[in-house]
Amino acid sequence: MPDSLTDWTDRLANLTLPVLPDTAEELDRLAGSPVSSHTNIERILAWDPGYAIAIFRYLGNLPQAPKTPVGTLSHAISLLGSRVVRELARGLSRLEESPRSSPDQETRDCYSRACHASVYAYHWGAQRGDGNPGESGMAALVRRCGEMAMWVHFRAHMVKIRGQVTEGQNADDAARQVLGFTLDQLNQSLALRWTLPPLAVESLSTVGAFKPRPLGVMLAAALADSSSQDWASQETSELLELAAEFLRLPHDQAISAIHCQAVDAARHLCSLPLQSAAYYLIPQAQCQAGEDTAGPPLKIALAATPVAAVRRPSREENTTRPASDLRQKLAQTAADLHTQAGMERTMFAMLSPDRKTLRARFVAGTAADAPLTRFQLHLEQRHLFSLLLTKPNGFWLNQENREKYLPAIPASLQSTINLQGFFVSSLFVGDRPLGILYADRSDPSLANAEDFGRFKACARKLSGELAARAS
């Protein structure tokens, strides 16, 4: 009797995927750098499917798993810390660069397609106004986890499937004949077992095709597969038409944008042992054998928008009702700010009984020991936050007003909040100030007026709920 999907999932579940040698080297180099940051670490890992998958697997195996789903590397890194992330490399093998005829080439090709799909999915999400395009990019990067694992550990089975596809058989039928199920079924089963981002799992289900975000990830992955061989094929042409419709762009404009995205990927991948699909955009008669057509290395960051991970506040507040009730309301606010306004971190700070100090009581979307959890501000002096507490009001620090308002922000907060941009609102119960609601994201330039409007709406809703709670 052939092995079932569950049997294969069990067989692969405890195996690991190799990481790119450049990734481990860059992380080691960054460890000794004075400018090391979570953002820099994310920029390195965003191009390594094996390492990204290892991070989500480690996160899912923690004794106390995150209370809300983790959809991006920036969120995962903020929860684990840079030291843990770097140490993961010690237990992982390296996918070394070798001739294209080597057995490892199929794995490198699989990684390359995942990276291209990630670039497309991220840009398409941003183009469509998705508040969290980083989640789409990460889902596309890791969704082929089962296929990657099979090429690494059970190459012979994958060679059989590929051989039947080469002979003209449908890919799903070929996989069923060799394994008894499709590769996407294996990808989904293993993604669930490895606790990969929910959007990756959803993009592998049939119902995902009826929802915009998973559909975008599916389409990006399909285009990455097809264009890795031929941009002029009928399949690629049909996928480009679907992408243009998905992006709500004229056909020519969509194709131009996607070609640019492929070139962006090439500028980074040329420094890695991965092939670039942009190579096939260049007429082959103009390319000499061995010529580097990708241009100089350029590392581009996939801006990420994490799902808020609820953490316990650093200090407990005695209330007349169960603290879990208040915590649930704050957790829901953080989740709403993530899904509606693209915010990564959320903080609720409350006034002390003597109303002289503002102190963090709840923080979501960052590590338990992050500086934001230790937010504390004295209000005797006049500054931005003391002025906010004089009446119900909201404020958006952005590139246009940053120079004007930075002097009004206390110097003690420079390492605590994001001085490149944030949203903040005072919270009132009746005519009495209660505290503030603060939110930010790793790339403040993605925030817009609509996001700020949604933030203020969430703040008003929270004020109303707190007023009802106090009554």
# chains A, B, ... in the order shown; residues from 1 in each chain; ligands from 1
>>> residues_around(residues="Ala175 of chain A", least_positions_apart="5", cutoff="12 Å", atoms="only C-alpha atoms", output="PyMOL selection string")
chain A and resi 5+147+150+157-165+169-170+180-186
>>> write_last_selection(atoms="C-alpha atoms", output="mmCIF file, in the first residue's frame")
data_model
loop_
_atom_site.group_PDB
_atom_site.id
_atom_site.type_symbol
_atom_site.label_atom_id
_atom_site.label_comp_id
_atom_site.auth_asym_id
_atom_site.auth_seq_id
_atom_site.Cartn_x
_atom_site.Cartn_y
_atom_site.Cartn_z
ATOM 1 C CA LEU A 5 -0.059 12.188 2.637
ATOM 2 C CA GLU A 147 8.494 20.623 -2.865
ATOM 3 C CA MET A 150 11.409 16.610 -1.553
ATOM 4 C CA HIS A 157 10.760 10.931 -6.564
ATOM 5 C CA MET A 158 10.872 14.500 -7.870
ATOM 6 C CA VAL A 159 12.929 13.426 -10.885
ATOM 7 C CA LYS A 160 10.207 10.892 -11.742
ATOM 8 C CA ILE A 161 7.518 13.571 -11.485
ATOM 9 C CA ARG A 162 9.523 15.974 -13.628
ATOM 10 C CA GLY A 163 10.146 13.267 -16.213
ATOM 11 C CA GLN A 164 6.427 12.611 -16.617
ATOM 12 C CA VAL A 165 5.721 16.342 -16.896
ATOM 13 C CA GLN A 169 1.568 14.808 -18.381
ATOM 14 C CA ASN A 170 -0.222 17.269 -16.113
ATOM 15 C CA GLY A 180 -0.513 9.474 -4.452
ATOM 16 C CA PHE A 181 -1.308 13.188 -3.993
ATOM 17 C CA THR A 182 -0.390 16.554 -5.512
ATOM 18 C CA LEU A 183 2.626 18.611 -4.522
ATOM 19 C CA ASP A 184 0.381 21.444 -3.362
ATOM 20 C CA GLN A 185 -1.368 19.025 -1.012
ATOM 21 C CA LEU A 186 2.038 18.101 0.382
#
>>> select_by_dssp(residues="segment 44-93 of chain A", states="alpha helix (DSSP H)", output="NGL selection string")
:A and (44-45 or 49-60 or 73-80 or 82-87)
>>> write_last_selection(atoms="N, CA and C atoms", output="tab-separated table (two decimals), in the first residue's frame")
chain	number	residue	atom	x	y	z
A	44	ILE	N	18.42	40.41	4.83
A	44	ILE	CA	19.27	39.27	4.46
A	44	ILE	C	18.43	38.01	4.31
A	45	LEU	N	17.56	37.75	5.28
A	45	LEU	CA	16.80	36.50	5.32
A	45	LEU	C	15.67	36.46	4.29
A	49	PRO	N	14.72	31.09	1.37
A	49	PRO	CA	13.54	30.33	1.82
A	49	PRO	C	13.85	29.34	2.93
A	50	GLY	N	14.99	28.66	2.85
A	50	GLY	CA	15.33	27.66	3.85
A	50	GLY	C	15.46	28.26	5.24
A	51	TYR	N	16.12	29.42	5.33
A	51	TYR	CA	16.31	30.07	6.62
A	51	TYR	C	14.99	30.63	7.14
A	52	ALA	N	14.19	31.22	6.25
A	52	ALA	CA	12.91	31.77	6.66
A	52	ALA	C	12.01	30.67	7.24
A	53	ILE	N	11.98	29.53	6.57
A	53	ILE	CA	11.17	28.42	7.05
A	53	ILE	C	11.67	27.94	8.41
A	54	ALA	N	12.98	27.88	8.59
A	54	ALA	CA	13.55	27.45	9.87
A	54	ALA	C	13.11	28.37	11.00
A	55	ILE	N	13.01	29.66	10.74
A	55	ILE	CA	12.61	30.63	11.76
A	55	ILE	C	11.16	30.38	12.18
A	56	PHE	N	10.27	30.20	11.20
A	56	PHE	CA	8.86	29.97	11.54
A	56	PHE	C	8.69	28.62	12.26
A	57	ARG	N	9.46	27.63	11.88
A	57	ARG	CA	9.39	26.34	12.56
A	57	ARG	C	9.83	26.47	14.02
A	58	TYR	N	10.90	27.20	14.24
A	58	TYR	CA	11.39	27.40	15.62
A	58	TYR	C	10.35	28.15	16.44
A	59	LEU	N	9.75	29.15	15.84
A	59	LEU	CA	8.75	29.95	16.54
A	59	LEU	C	7.55	29.09	16.92
A	60	GLY	N	7.15	28.20	16.00
A	60	GLY	CA	6.00	27.35	16.27
A	60	GLY	C	6.25	26.28	17.31
A	73	LEU	N	8.77	38.04	8.45
A	73	LEU	CA	10.05	37.86	9.13
A	73	LEU	C	10.27	38.94	10.19
A	74	SER	N	9.91	40.16	9.89
A	74	SER	CA	10.16	41.24	10.85
A	74	SER	C	9.43	40.96	12.16
A	75	HIS	N	8.23	40.42	12.07
A	75	HIS	CA	7.48	40.08	13.27
A	75	HIS	C	8.16	38.92	14.00
A	76	ALA	N	8.55	37.89	13.25
A	76	ALA	CA	9.20	36.73	13.86
A	76	ALA	C	10.51	37.12	14.53
A	77	ILE	N	11.30	37.95	13.87
A	77	ILE	CA	12.60	38.37	14.42
A	77	ILE	C	12.39	39.19	15.69
A	78	SER	N	11.36	40.05	15.68
A	78	SER	CA	11.12	40.88	16.87
A	78	SER	C	10.71	40.02	18.06
A	79	LEU	N	10.06	38.88	17.80
A	79	LEU	CA	9.65	37.99	18.89
A	79	LEU	C	10.80	37.13	19.39
A	80	LEU	N	11.66	36.68	18.48
A	80	LEU	CA	12.75	35.78	18.86
A	80	LEU	C	14.00	36.50	19.31
A	82	SER	N	17.51	38.87	17.70
A	82	SER	CA	18.53	38.63	16.67
A	82	SER	C	19.49	37.50	17.04
A	83	ARG	N	19.79	37.34	18.32
A	83	ARG	CA	20.75	36.31	18.72
A	83	ARG	C	20.21	34.91	18.40
A	84	VAL	N	18.96	34.65	18.75
A	84	VAL	CA	18.35	33.36	18.47
A	84	VAL	C	18.30	33.10	16.97
A	85	VAL	N	17.95	34.13	16.21
A	85	VAL	CA	17.86	33.99	14.76
A	85	VAL	C	19.21	33.61	14.16
A	86	ARG	N	20.28	34.26	14.63
A	86	ARG	CA	21.62	33.94	14.10
A	86	ARG	C	22.04	32.52	14.50
A	87	GLU	N	21.72	32.11	15.70
A	87	GLU	CA	22.16	30.80	16.18
A	87	GLU	C	21.46	29.65	15.46
>>> residues_around(residues="Ser463 of chain A", least_positions_apart="6", cutoff="12 Å", atoms="only C-alpha atoms", output="list in words")
Leu326, Lys329, Leu330, Thr333, Phe348, Pro392, Asn393, Ser425, Ser426, Leu427, Phe428, Val429, Gly430, Asp431, Arg432, Pro433, Leu434, Gly435, Ile436, Leu437, Lys456, Ala457, Arg469 and Ala470 of chain A
>>> write_last_selection(atoms="C-alpha atoms", output="PDB file, in the first residue's frame")
ATOM      1  CA  LEU A 326      -9.269  44.782  29.183  1.00  0.00           C
ATOM      2  CA  LYS A 329     -10.125  44.714  24.042  1.00  0.00           C
ATOM      3  CA  LEU A 330      -6.565  45.977  23.625  1.00  0.00           C
ATOM      4  CA  THR A 333      -7.511  46.955  18.837  1.00  0.00           C
ATOM      5  CA  PHE A 348      -1.406  51.464  25.242  1.00  0.00           C
ATOM      6  CA  PRO A 392      -9.118  64.171  22.652  1.00  0.00           C
ATOM      7  CA  ASN A 393      -6.790  64.423  19.704  1.00  0.00           C
ATOM      8  CA  SER A 425      -3.959  59.485  19.952  1.00  0.00           C
ATOM      9  CA  SER A 426      -5.062  60.547  23.390  1.00  0.00           C
ATOM     10  CA  LEU A 427      -7.712  58.416  25.085  1.00  0.00           C
ATOM     11  CA  PHE A 428     -10.423  60.020  27.209  1.00  0.00           C
ATOM     12  CA  VAL A 429     -13.182  58.666  29.406  1.00  0.00           C
ATOM     13  CA  GLY A 430     -15.678  61.481  29.403  1.00  0.00           C
ATOM     14  CA  ASP A 431     -13.638  64.612  30.001  1.00  0.00           C
ATOM     15  CA  ARG A 432     -10.857  62.811  31.862  1.00  0.00           C
ATOM     16  CA  PRO A 433      -7.646  61.763  30.072  1.00  0.00           C
ATOM     17  CA  LEU A 434      -6.819  58.074  30.520  1.00  0.00           C
ATOM     18  CA  GLY A 435      -3.694  57.615  28.387  1.00  0.00           C
ATOM     19  CA  ILE A 436      -2.553  57.250  24.797  1.00  0.00           C
ATOM     20  CA  LEU A 437      -2.751  54.757  21.964  1.00  0.00           C
ATOM     21  CA  LYS A 456      -8.269  57.455  14.811  1.00  0.00           C
ATOM     22  CA  ALA A 457     -11.442  55.426  14.378  1.00  0.00           C
ATOM     23  CA  ARG A 469     -15.980  49.472  31.139  1.00  0.00           C
ATOM     24  CA  ALA A 470     -15.542  52.227  33.693  1.00  0.00           C
TER      25      ALA A 470
END
>>> atom_distance(atom1="atom CA of Ala277 of chain A", atom2="atom CA of Glu26 of chain A")
24.0 Å
>>> residues_around(residues="segment 230-245 of chain A", least_positions_apart="3", cutoff="9 Å", atoms="only C-alpha atoms", output="number ranges by chain")
A: 124, 216, 219-220, 222-223, 225-227, 248-255, 258, 277, 280-281
>>> residues_around(residues="segment 450-452 of chain A", least_positions_apart="4", cutoff="8 Å", atoms="only C-alpha atoms", output="MDAnalysis selection string")
chainID A and resid 340:342 396 423 456
>>> residues_around(residues="Leu272 of chain A", least_positions_apart="2", cutoff="10 Å", atoms="only C-alpha atoms", output="list of chain:residue names")
A:Leu20, A:Pro21, A:Asp22, A:Thr23, A:Trp47, A:Asp48, A:Glu96, A:Glu97, A:Arg108, A:Ser112, A:Ala266, A:Arg267, A:His268, A:Leu269, A:Cys270, A:Leu274, A:Gln275, A:Ser276, A:Pro297
>>> write_last_selection(atoms="N, CA and C atoms", output="compact mmCIF listing (two decimals), in the first residue's frame")
# COMPACT_ATOMS: atom_id res chain seq x y z
N LEU A 20 21.34 29.30 2.33
CA LEU A 20 22.38 29.80 1.42
C LEU A 20 23.62 30.19 2.22
N PRO A 21 24.82 29.86 1.75
CA PRO A 21 26.03 30.20 2.51
C PRO A 21 26.17 31.69 2.74
N ASP A 22 25.72 32.48 1.77
CA ASP A 22 25.83 33.95 1.90
C ASP A 22 25.01 34.45 3.09
N THR A 23 23.89 33.77 3.38
CA THR A 23 23.04 34.21 4.48
C THR A 23 23.77 34.12 5.81
N TRP A 47 15.71 36.65 1.32
CA TRP A 47 16.10 35.99 0.06
C TRP A 47 16.52 34.54 0.29
N ASP A 48 16.20 33.98 1.42
CA ASP A 48 16.60 32.61 1.74
C ASP A 48 15.41 31.83 2.26
N GLU A 96 25.53 24.96 -1.14
CA GLU A 96 26.70 25.55 -1.76
C GLU A 96 26.50 25.73 -3.27
N GLU A 97 27.22 26.70 -3.83
CA GLU A 97 27.20 26.92 -5.26
C GLU A 97 27.98 25.79 -5.94
N ARG A 108 18.28 24.72 -5.80
CA ARG A 108 18.57 26.14 -6.01
C ARG A 108 17.53 26.77 -6.94
N SER A 112 15.13 29.85 -6.11
CA SER A 112 15.09 31.02 -6.98
C SER A 112 13.67 31.39 -7.36
N ALA A 266 16.84 40.22 -9.96
CA ALA A 266 18.12 39.81 -10.55
C ALA A 266 19.29 40.55 -9.93
N ARG A 267 19.11 41.81 -9.63
CA ARG A 267 20.20 42.62 -9.07
C ARG A 267 20.63 42.09 -7.72
N HIS A 268 19.70 41.47 -7.03
CA HIS A 268 20.09 40.86 -5.75
C HIS A 268 20.60 39.44 -5.93
N LEU A 269 19.87 38.66 -6.71
CA LEU A 269 20.19 37.24 -6.83
C LEU A 269 21.53 36.99 -7.51
N CYS A 270 22.04 37.97 -8.26
CA CYS A 270 23.32 37.73 -8.93
C CYS A 270 24.45 37.55 -7.93
N LEU A 274 21.82 31.58 -7.09
CA LEU A 274 20.48 31.36 -7.61
C LEU A 274 20.35 32.00 -8.98
N GLN A 275 19.58 31.37 -9.84
CA GLN A 275 19.40 31.89 -11.19
C GLN A 275 18.32 32.95 -11.22
N SER A 276 18.45 33.89 -12.17
CA SER A 276 17.49 34.97 -12.29
C SER A 276 16.64 34.80 -13.54
N PRO A 297 25.39 43.85 -7.75
CA PRO A 297 24.52 43.41 -6.66
C PRO A 297 23.79 44.58 -6.03
>>> decode(residues="segment 34-95 of chain A", atoms="C-alpha atoms", output="mmCIF file, in the first residue's frame")
data_model
loop_
_atom_site.group_PDB
_atom_site.id
_atom_site.type_symbol
_atom_site.label_atom_id
_atom_site.label_comp_id
_atom_site.auth_asym_id
_atom_site.auth_seq_id
_atom_site.Cartn_x
_atom_site.Cartn_y
_atom_site.Cartn_z
ATOM 1 C CA PRO A 34 27.416 48.739 15.225
ATOM 2 C CA VAL A 35 24.476 49.328 12.851
ATOM 3 C CA SER A 36 22.984 45.865 13.246
ATOM 4 C CA SER A 37 19.188 45.936 13.449
ATOM 5 C CA HIS A 38 16.208 43.677 12.953
ATOM 6 C CA THR A 39 15.521 45.432 9.654
ATOM 7 C CA ASN A 40 19.005 44.601 8.363
ATOM 8 C CA ILE A 41 18.613 40.976 9.425
ATOM 9 C CA GLU A 42 15.271 40.787 7.653
ATOM 10 C CA ARG A 43 16.790 42.132 4.443
ATOM 11 C CA ILE A 44 19.266 39.266 4.456
ATOM 12 C CA LEU A 45 16.800 36.502 5.315
ATOM 13 C CA ALA A 46 14.115 37.673 2.868
ATOM 14 C CA TRP A 47 16.103 35.994 0.065
ATOM 15 C CA ASP A 48 16.603 32.612 1.739
ATOM 16 C CA PRO A 49 13.537 30.331 1.817
ATOM 17 C CA GLY A 50 15.333 27.661 3.854
ATOM 18 C CA TYR A 51 16.311 30.071 6.623
ATOM 19 C CA ALA A 52 12.908 31.774 6.665
ATOM 20 C CA ILE A 53 11.168 28.419 7.051
ATOM 21 C CA ALA A 54 13.545 27.450 9.873
ATOM 22 C CA ILE A 55 12.607 30.627 11.763
ATOM 23 C CA PHE A 56 8.864 29.966 11.541
ATOM 24 C CA ARG A 57 9.388 26.336 12.561
ATOM 25 C CA TYR A 58 11.392 27.399 15.616
ATOM 26 C CA LEU A 59 8.752 29.952 16.540
ATOM 27 C CA GLY A 60 6.001 27.349 16.265
ATOM 28 C CA ASN A 61 7.874 24.930 18.533
ATOM 29 C CA LEU A 62 8.277 27.362 21.421
ATOM 30 C CA PRO A 63 6.647 26.243 24.704
ATOM 31 C CA GLN A 64 4.455 29.327 24.540
ATOM 32 C CA ALA A 65 3.644 29.989 20.911
ATOM 33 C CA PRO A 66 2.554 33.501 19.846
ATOM 34 C CA LYS A 67 -1.107 34.157 20.545
ATOM 35 C CA THR A 68 -1.713 35.588 17.082
ATOM 36 C CA PRO A 69 -0.397 34.323 13.730
ATOM 37 C CA VAL A 70 3.023 35.506 12.601
ATOM 38 C CA GLY A 71 3.070 36.406 8.918
ATOM 39 C CA THR A 72 6.388 38.163 8.292
ATOM 40 C CA LEU A 73 10.047 37.863 9.129
ATOM 41 C CA SER A 74 10.156 41.243 10.851
ATOM 42 C CA HIS A 75 7.478 40.079 13.270
ATOM 43 C CA ALA A 76 9.197 36.727 13.858
ATOM 44 C CA ILE A 77 12.596 38.369 14.423
ATOM 45 C CA SER A 78 11.121 40.878 16.872
ATOM 46 C CA LEU A 79 9.651 37.991 18.888
ATOM 47 C CA LEU A 80 12.753 35.776 18.865
ATOM 48 C CA GLY A 81 15.524 38.368 18.991
ATOM 49 C CA SER A 82 18.528 38.629 16.670
ATOM 50 C CA ARG A 83 20.748 36.305 18.722
ATOM 51 C CA VAL A 84 18.347 33.355 18.470
ATOM 52 C CA VAL A 85 17.862 33.987 14.756
ATOM 53 C CA ARG A 86 21.616 33.937 14.101
ATOM 54 C CA GLU A 87 22.156 30.797 16.178
ATOM 55 C CA LEU A 88 19.653 28.846 14.081
ATOM 56 C CA ALA A 89 22.260 28.650 11.316
ATOM 57 C CA ARG A 90 24.400 26.311 13.403
ATOM 58 C CA GLY A 91 22.037 23.403 12.920
ATOM 59 C CA LEU A 92 21.379 23.940 9.219
ATOM 60 C CA SER A 93 23.333 22.661 6.218
ATOM 61 C CA ARG A 94 24.559 24.952 3.427
ATOM 62 C CA LEU A 95 23.336 24.971 -0.159
#
